[in-house]
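What follows is a set of notes on a single structure, which appears directly below.
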Amino acid sequence: MAWEFDAPVRAVTFPAFPPGKRYGKKFADTWWGNAWIEAVEYAALDPDQLKKGRKYAFAGQVGAITVSPGRILAPVHDGDPDQPYRTEVHFAELRDSAWDRFLDRVAGRAGHIAALLDRDMPPDLVGAAEDAGVRLLPSYGDLEPECDCPDWDNPCKHAAALAYQVSWLLDRDPFVLLLLRGRGEDELTEELHRRNARQSAEVDEREPGTPAAEAWAAPVPPLPEGPGPVLVEPLDLAPLLADVEVGEAPVDTAALAALAADAADRARSLLSGVDRPADRWTDAVRLAARAGRDELTSRAGRLSGRPADFARAVRAWEVAGQPGLSVLEGSWSPPGEVVRRARAEIAEAWADAGLGEPPEVRHWRNRLTLTSCGAQLRFGEDERWYLFRADGSGWSLAGAPTPHPAEALIDLLNSGEGGDQR
């Protein structure tokens, strides 16, 4: 059966995701992708339809996805690709006045423009939009599914599958969300650069600079006394270049490249107003994770005096950034309902996977420990679950966080990596 969509102008069609994504993998990798999923799941009337939708999404039963202002549509089938259902998800477009407020806010911050062009959507960009009275991400009840299948559920399993796969598109390109809100990438970037240039010109008119000749002739004031030597700890940038002939000791160019890349990243973060870790331990962990070199991590761990803890911290940062490190090293007490719901999901997933009697689950603060499996789930303050695996002397982060605790746990067990932590 051939499908022809009456896609509006400015529509973009993305090829279908291939099958092969098995149950147990998380969906969104980004915080904004997870926000999309939360909006879908919160408004669902039947959790079973969500579960079937996830399976359909993993099985590749969603066809090519067309995104246009206010609408997402795709063919979704029950197993026969020749008999798909026409499935849509609607999300309201922003008014022109809202776009004007949003674009003025974004254009005033070079870091926001750079982040979007880098396919990133930092929380402060969304916060700036909300300060201007513009909500980019969907909230509960904002998404309206539609499908020509006979099911009456809202969403049905076909619409749920489409919505879940959209989170994968959002992970890769936040411009998908902006297109859904009414503006395409080319249109937005051109307008952002135009407004940025206009704002810069307005500043120049209000605050004219010093003529070049006058500035050149002006005496140079004495420089303030420097802050003294800067110590880089715990990374020891020992010389490792044997093939460079220089008079003085060479430097480790790989470490230098990592530091230079980190400096550029920090500069962009400062432009975006993102806070950076202040304590030496956290900063050393971040640098080692960014360098991505085992010998530097090992050396820094030895210098820290806590090599095993340092290696686990670097691993946590590599997987989940600052939130991963916070969950590794801290604890807190979430609401009791969160723990009860997680226990129920674990028991249900255990039964669905045919693993027999569910294991004993020990609870302490934000941690659920399954000693017979060598696994532990920790609930972060970002409302995501982090799976840890016993490593003999402690716990190491085993994978990216997910809003569904049971999925990560079953995935670990299916991979054969679960051990026994007594």
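We name chains A, B, ... following the order of the structure tokens; residues begin at 1 in each chain, and ligands are numbered from 1 as shown.
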
Which residues of region 321-362 of chain A come within 10 Å of region 374-397 of chain A, and for each one, what is the closest pair of atoms and their distance in Å to one decimal, counting only C-alpha atoms, sorted by chain and residue number, as CSV?
```
residue,atom,partner,partner_atom,distance
A:Pro323,CA,A:Gly380,CA,7.4
A:Gly324,CA,A:Tyr386,CA,7.7
A:Leu325,CA,A:Leu397,CA,9.2
A:Ser326,CA,A:Gly380,CA,8.0
A:Val327,CA,A:Gly380,CA,5.8
A:Leu328,CA,A:Leu397,CA,7.5
A:Gly330,CA,A:Gly380,CA,9.3
A:Ser331,CA,A:Gly380,CA,8.4
A:Trp332,CA,A:Glu381,CA,8.1
A:Ser333,CA,A:Phe379,CA,9.1
A:Pro334,CA,A:Phe379,CA,7.7
A:Val338,CA,A:Phe379,CA,8.7
A:Val339,CA,A:Phe379,CA,8.7
A:Ala342,CA,A:Trp385,CA,9.4
A:Val361,CA,A:Gln376,CA,9.1
A:Arg362,CA,A:Gln376,CA,9.2
```

Those residues you just picked out, can you put them in a file as a PDB file, in the first residue's frame with N, CA and C atoms?
```pdb
ATOM      1  N   PRO A 323      25.289  15.205  36.898  1.00  0.00           N
ATOM      2  CA  PRO A 323      24.266  14.431  37.626  1.00  0.00           C
ATOM      3  C   PRO A 323      24.727  13.015  37.954  1.00  0.00           C
ATOM      4  N   GLY A 324      25.487  12.384  37.039  1.00  0.00           N
ATOM      5  CA  GLY A 324      25.977  11.036  37.308  1.00  0.00           C
ATOM      6  C   GLY A 324      26.931  11.004  38.479  1.00  0.00           C
ATOM      7  N   LEU A 325      27.823  11.999  38.557  1.00  0.00           N
ATOM      8  CA  LEU A 325      28.755  12.070  39.681  1.00  0.00           C
ATOM      9  C   LEU A 325      28.008  12.337  40.986  1.00  0.00           C
ATOM     10  N   SER A 326      26.995  13.200  40.941  1.00  0.00           N
ATOM     11  CA  SER A 326      26.218  13.505  42.147  1.00  0.00           C
ATOM     12  C   SER A 326      25.513  12.268  42.684  1.00  0.00           C
ATOM     13  N   VAL A 327      24.958  11.445  41.779  1.00  0.00           N
ATOM     14  CA  VAL A 327      24.275  10.229  42.210  1.00  0.00           C
ATOM     15  C   VAL A 327      25.269   9.212  42.746  1.00  0.00           C
ATOM     16  N   LEU A 328      26.453   9.161  42.150  1.00  0.00           N
ATOM     17  CA  LEU A 328      27.482   8.236  42.620  1.00  0.00           C
ATOM     18  C   LEU A 328      27.915   8.575  44.041  1.00  0.00           C
ATOM     19  N   GLY A 330      26.549  10.959  46.304  1.00  0.00           N
ATOM     20  CA  GLY A 330      25.611  11.508  47.285  1.00  0.00           C
ATOM     21  C   GLY A 330      24.375  10.647  47.429  1.00  0.00           C
ATOM     22  N   SER A 331      23.527  11.001  48.384  1.00  0.00           N
ATOM     23  CA  SER A 331      22.254  10.302  48.581  1.00  0.00           C
ATOM     24  C   SER A 331      21.249  11.305  49.104  1.00  0.00           C
ATOM     25  N   TRP A 332      19.964  10.971  48.924  1.00  0.00           N
ATOM     26  CA  TRP A 332      18.884  11.825  49.418  1.00  0.00           C
ATOM     27  C   TRP A 332      17.638  10.966  49.577  1.00  0.00           C
ATOM     28  N   SER A 333      16.599  11.519  50.131  1.00  0.00           N
ATOM     29  CA  SER A 333      15.381  10.746  50.403  1.00  0.00           C
ATOM     30  C   SER A 333      14.244  11.236  49.505  1.00  0.00           C
ATOM     31  N   PRO A 334      13.948  10.495  48.429  1.00  0.00           N
ATOM     32  CA  PRO A 334      12.837  10.878  47.558  1.00  0.00           C
ATOM     33  C   PRO A 334      11.497  10.529  48.202  1.00  0.00           C
ATOM     34  N   VAL A 338       7.674   7.258  44.988  1.00  0.00           N
ATOM     35  CA  VAL A 338       8.654   6.959  43.942  1.00  0.00           C
ATOM     36  C   VAL A 338       9.237   5.558  44.142  1.00  0.00           C
ATOM     37  N   VAL A 339       9.579   5.241  45.375  1.00  0.00           N
ATOM     38  CA  VAL A 339      10.161   3.933  45.681  1.00  0.00           C
ATOM     39  C   VAL A 339       9.135   2.827  45.490  1.00  0.00           C
ATOM     40  N   ALA A 342       8.662   2.159  41.811  1.00  0.00           N
ATOM     41  CA  ALA A 342       9.820   1.477  41.232  1.00  0.00           C
ATOM     42  C   ALA A 342       9.816  -0.007  41.593  1.00  0.00           C
ATOM     43  N   VAL A 361      14.623  -6.846  47.321  1.00  0.00           N
ATOM     44  CA  VAL A 361      15.039  -5.468  47.055  1.00  0.00           C
ATOM     45  C   VAL A 361      15.212  -4.753  48.385  1.00  0.00           C
ATOM     46  N   ARG A 362      16.434  -4.330  48.669  1.00  0.00           N
ATOM     47  CA  ARG A 362      16.712  -3.575  49.896  1.00  0.00           C
ATOM     48  C   ARG A 362      16.669  -2.086  49.586  1.00  0.00           C
TER      49      ARG A 362
END
```

Every residue of region 109-205 of chain A that DSSP places in strand (DSSP E or B), as a short mmCIF file (atom, residue, chain, number, x, y, z; two decimals) with N, CA and C atoms, in the first residue's frame:
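Result file follows (out_33.cif):
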```cif
data_model
loop_
_atom_site.label_atom_id
_atom_site.label_comp_id
_atom_site.auth_asym_id
_atom_site.auth_seq_id
_atom_site.Cartn_x
_atom_site.Cartn_y
_atom_site.Cartn_z
N GLU A 144 -1.49 16.10 21.37
CA GLU A 144 -2.78 15.54 20.99
C GLU A 144 -2.57 14.45 19.94
N PRO A 145 -2.65 13.17 20.33
CA PRO A 145 -2.47 12.08 19.37
C PRO A 145 -3.74 11.85 18.54
N GLU A 146 -3.53 11.30 17.36
CA GLU A 146 -4.66 10.99 16.47
C GLU A 146 -4.26 9.80 15.60
N CYS A 147 -5.16 8.84 15.44
CA CYS A 147 -4.85 7.65 14.65
C CYS A 147 -6.15 7.11 14.06
#
```

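The neighbours of Asp48 (chain A) here are the residues that come within 9 Å of it, using only C-alpha atoms and leaving out any residue fewer than 4 positions away in the same chain; they are A:Lys52, A:Gly53, A:Lys157.
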
Gap from CA of Pro81 (chain A) to CA of Gln49 (chain A) - Å, one decimal | 19.7 Å

Within 12 Å of region 187-191 of chain A, counting only C-alpha atoms, which residues qualify if same-chain residues fewer than 5 places away don't, as a PyMOL selection string?
-> chain A and resi 10+99-100+102-104+106-107+112-118+175-176+178-179+181-182+196-198

How would the residues just picked look written out with N, CA, C and O atoms as a tab-separated table (two decimals), in the first residue's frame?
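selection.tsv written:
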```tsv
chain	number	residue	atom	x	y	z
A	10	ARG	N	7.28	23.50	4.51
A	10	ARG	CA	8.27	23.48	5.59
A	10	ARG	C	8.26	22.14	6.33
A	10	ARG	O	8.75	22.06	7.45
A	99	TRP	N	7.22	34.12	19.13
A	99	TRP	CA	8.49	33.92	18.42
A	99	TRP	C	9.37	35.17	18.53
A	99	TRP	O	10.58	35.06	18.71
A	100	ASP	N	8.76	36.35	18.42
A	100	ASP	CA	9.55	37.59	18.52
A	100	ASP	C	10.22	37.69	19.88
A	100	ASP	O	11.41	38.04	19.98
A	102	PHE	N	10.94	35.21	21.95
A	102	PHE	CA	11.96	34.15	22.07
A	102	PHE	C	13.22	34.50	21.28
A	102	PHE	O	14.34	34.38	21.79
A	103	LEU	N	13.06	34.91	20.04
A	103	LEU	CA	14.22	35.20	19.19
A	103	LEU	C	15.03	36.38	19.73
A	103	LEU	O	16.26	36.37	19.64
A	104	ASP	N	14.36	37.38	20.29
A	104	ASP	CA	15.11	38.50	20.88
A	104	ASP	C	15.96	38.03	22.05
A	104	ASP	O	17.11	38.47	22.22
A	106	VAL	N	17.15	34.90	22.58
A	106	VAL	CA	18.22	34.02	22.11
A	106	VAL	C	19.30	34.82	21.38
A	106	VAL	O	20.50	34.59	21.55
A	107	ALA	N	18.88	35.78	20.55
A	107	ALA	CA	19.84	36.57	19.77
A	107	ALA	C	20.76	37.40	20.66
A	107	ALA	O	21.87	37.73	20.28
A	112	HIS	N	23.73	30.96	23.31
A	112	HIS	CA	22.49	30.28	22.94
A	112	HIS	C	22.49	29.93	21.45
A	112	HIS	O	22.08	28.83	21.06
A	113	ILE	N	22.94	30.87	20.63
A	113	ILE	CA	23.00	30.59	19.19
A	113	ILE	C	23.97	29.45	18.92
A	113	ILE	O	23.68	28.53	18.16
A	114	ALA	N	25.15	29.51	19.57
A	114	ALA	CA	26.15	28.46	19.36
A	114	ALA	C	25.63	27.11	19.81
A	114	ALA	O	25.88	26.09	19.16
A	115	ALA	N	24.89	27.08	20.91
A	115	ALA	CA	24.36	25.81	21.41
A	115	ALA	C	23.37	25.20	20.42
A	115	ALA	O	23.43	24.00	20.12
A	116	LEU	N	22.47	26.01	19.89
A	116	LEU	CA	21.50	25.50	18.92
A	116	LEU	C	22.20	24.97	17.67
A	116	LEU	O	21.86	23.90	17.17
A	117	LEU	N	23.17	25.72	17.17
A	117	LEU	CA	23.88	25.28	15.98
A	117	LEU	C	24.66	24.00	16.24
A	117	LEU	O	24.96	23.24	15.32
A	118	ASP	N	25.01	23.76	17.52
A	118	ASP	CA	25.72	22.55	17.90
A	118	ASP	C	24.75	21.43	18.29
A	118	ASP	O	25.16	20.43	18.87
A	175	PHE	N	16.20	21.30	16.63
A	175	PHE	CA	15.46	22.08	15.65
A	175	PHE	C	14.16	21.37	15.24
A	175	PHE	O	13.25	22.01	14.71
A	176	VAL	N	14.07	20.05	15.48
A	176	VAL	CA	12.82	19.33	15.23
A	176	VAL	C	11.71	19.92	16.09
A	176	VAL	O	10.58	20.12	15.63
A	178	LEU	N	11.63	22.96	17.33
A	178	LEU	CA	11.34	24.32	16.89
A	178	LEU	C	10.53	24.32	15.59
A	178	LEU	O	9.67	25.19	15.40
A	179	LEU	N	10.80	23.35	14.71
A	179	LEU	CA	9.99	23.22	13.50
A	179	LEU	C	8.55	22.88	13.87
A	179	LEU	O	7.59	23.43	13.31
A	181	ARG	N	7.10	23.70	16.49
A	181	ARG	CA	6.53	24.92	17.05
A	181	ARG	C	6.25	25.99	16.00
A	181	ARG	O	5.64	27.02	16.30
A	182	GLY	N	6.75	25.76	14.75
A	182	GLY	CA	6.35	26.68	13.68
A	182	GLY	C	7.43	27.28	12.82
A	182	GLY	O	7.14	27.94	11.83
A	196	ASN	N	20.85	39.42	15.98
A	196	ASN	CA	22.10	39.60	16.72
A	196	ASN	C	22.88	40.78	16.16
A	196	ASN	O	23.42	41.61	16.91
A	197	ALA	N	22.96	40.89	14.82
A	197	ALA	CA	23.67	42.01	14.20
A	197	ALA	C	22.97	43.33	14.50
A	197	ALA	O	23.63	44.35	14.76
A	198	ARG	N	21.63	43.32	14.49
A	198	ARG	CA	20.90	44.54	14.78
A	198	ARG	C	21.12	44.99	16.22
A	198	ARG	O	21.35	46.18	16.48
```

Would you mind reading off the distance between CA of Ala11 (chain A) and CA of Gly184 (chain A), one decimal, in Å?
-> 8.5 Å

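Note that the spacing between CA of Thr371 (chain A) and CA of Ala351 (chain A) amounts to 18.2 Å.
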
Within 8 Å of region 59-68 of chain A, counting only C-alpha atoms, which residues show up once you throw out same-chain ones fewer than 2 positions away? Write them as JSON, numbers by chain, please.
-> {"A": [7, 8, 9, 10, 11, 12, 13, 14, 15, 16, 17, 18, 19, 20, 21, 22, 55, 56, 57, 70, 71, 72, 73, 74, 75, 76, 77, 78, 79, 81, 161, 162, 176, 179, 180, 182]}

Running DSSP on the backbone, which parts of region 25-61 of chain A land in alpha helix (DSSP H), as a PyMOL selection string?
-> chain A and resi 31-42+47-58

Suppose we keep N, CA, C and O atoms; can you now write the selection as a CSV table (one decimal), in the first residue's frame?
```
chain,number,residue,atom,x,y,z
A,31,TRP,N,18.0,15.7,28.1
A,31,TRP,CA,17.0,16.1,29.1
A,31,TRP,C,15.7,16.6,28.4
A,31,TRP,O,14.6,16.4,28.9
A,32,TRP,N,15.9,17.2,27.2
A,32,TRP,CA,14.7,17.7,26.5
A,32,TRP,C,13.9,16.5,25.9
A,32,TRP,O,12.7,16.6,25.8
A,33,GLY,N,14.6,15.5,25.4
A,33,GLY,CA,13.9,14.3,24.9
A,33,GLY,C,13.1,13.6,26.0
A,33,GLY,O,12.0,13.1,25.8
A,34,ASN,N,13.7,13.6,27.2
A,34,ASN,CA,13.0,13.0,28.3
A,34,ASN,C,11.8,13.8,28.7
A,34,ASN,O,10.8,13.3,29.2
A,35,ALA,N,11.9,15.1,28.6
A,35,ALA,CA,10.7,16.0,28.9
A,35,ALA,C,9.6,15.7,27.9
A,35,ALA,O,8.4,15.7,28.3
A,36,TRP,N,9.9,15.4,26.7
A,36,TRP,CA,8.9,15.0,25.7
A,36,TRP,C,8.2,13.7,26.1
A,36,TRP,O,7.0,13.6,26.1
A,37,ILE,N,9.0,12.7,26.5
A,37,ILE,CA,8.5,11.4,26.9
A,37,ILE,C,7.6,11.6,28.1
A,37,ILE,O,6.5,11.0,28.2
A,38,GLU,N,8.0,12.4,29.1
A,38,GLU,CA,7.2,12.6,30.3
A,38,GLU,C,5.9,13.2,30.0
A,38,GLU,O,4.8,12.8,30.6
A,39,ALA,N,5.8,14.1,29.0
A,39,ALA,CA,4.5,14.7,28.6
A,39,ALA,C,3.6,13.7,28.0
A,39,ALA,O,2.4,13.7,28.2
A,40,VAL,N,4.2,12.8,27.2
A,40,VAL,CA,3.4,11.7,26.6
A,40,VAL,C,2.9,10.7,27.7
A,40,VAL,O,1.7,10.4,27.7
A,41,GLU,N,3.7,10.3,28.6
A,41,GLU,CA,3.4,9.3,29.5
A,41,GLU,C,2.4,9.8,30.6
A,41,GLU,O,1.6,9.1,31.1
A,42,TYR,N,2.6,11.0,31.0
A,42,TYR,CA,1.8,11.6,32.1
A,42,TYR,C,0.3,11.6,31.7
A,42,TYR,O,-0.6,11.4,32.5
A,47,PRO,N,-1.6,2.5,30.7
A,47,PRO,CA,-0.1,2.2,30.6
A,47,PRO,C,0.2,1.0,29.7
A,47,PRO,O,1.3,1.0,29.1
A,48,ASP,N,-0.8,0.1,29.5
A,48,ASP,CA,-0.5,-1.0,28.6
A,48,ASP,C,-0.3,-0.5,27.1
A,48,ASP,O,0.5,-1.1,26.4
A,49,GLN,N,-1.0,0.6,26.8
A,49,GLN,CA,-0.8,1.1,25.4
A,49,GLN,C,0.6,1.7,25.3
A,49,GLN,O,1.3,1.6,24.2
A,50,LEU,N,1.1,2.3,26.3
A,50,LEU,CA,2.5,2.8,26.3
A,50,LEU,C,3.5,1.7,26.2
A,50,LEU,O,4.5,1.8,25.4
A,51,LYS,N,3.3,0.6,26.9
A,51,LYS,CA,4.2,-0.5,26.9
A,51,LYS,C,4.2,-1.1,25.4
A,51,LYS,O,5.3,-1.4,24.9
A,52,LYS,N,3.0,-1.3,24.8
A,52,LYS,CA,3.0,-1.8,23.5
A,52,LYS,C,3.6,-0.8,22.5
A,52,LYS,O,4.3,-1.2,21.5
A,53,GLY,N,3.4,0.5,22.7
A,53,GLY,CA,4.0,1.5,21.9
A,53,GLY,C,5.5,1.5,21.9
A,53,GLY,O,6.2,1.6,20.9
A,54,ARG,N,6.1,1.3,23.1
A,54,ARG,CA,7.6,1.1,23.2
A,54,ARG,C,8.1,-0.1,22.4
A,54,ARG,O,9.1,0.0,21.7
A,55,LYS,N,7.3,-1.2,22.5
A,55,LYS,CA,7.8,-2.4,21.8
A,55,LYS,C,7.7,-2.1,20.3
A,55,LYS,O,8.5,-2.5,19.5
A,56,TYR,N,6.6,-1.4,19.8
A,56,TYR,CA,6.5,-1.1,18.4
A,56,TYR,C,7.6,-0.2,18.0
A,56,TYR,O,8.2,-0.4,16.9
A,57,ALA,N,8.0,0.8,18.8
A,57,ALA,CA,9.1,1.7,18.4
A,57,ALA,C,10.4,0.9,18.3
A,57,ALA,O,11.2,1.1,17.4
A,58,PHE,N,10.7,0.0,19.3
A,58,PHE,CA,11.9,-0.8,19.2
A,58,PHE,C,11.9,-1.7,18.0
A,58,PHE,O,13.0,-2.0,17.5
```

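Using only C-alpha atoms, the nearest neighbour of Gly336 (chain A) within the list A:Asp186, A:Ala316, A:Ala311, A:Asn366 is A:Asn366.
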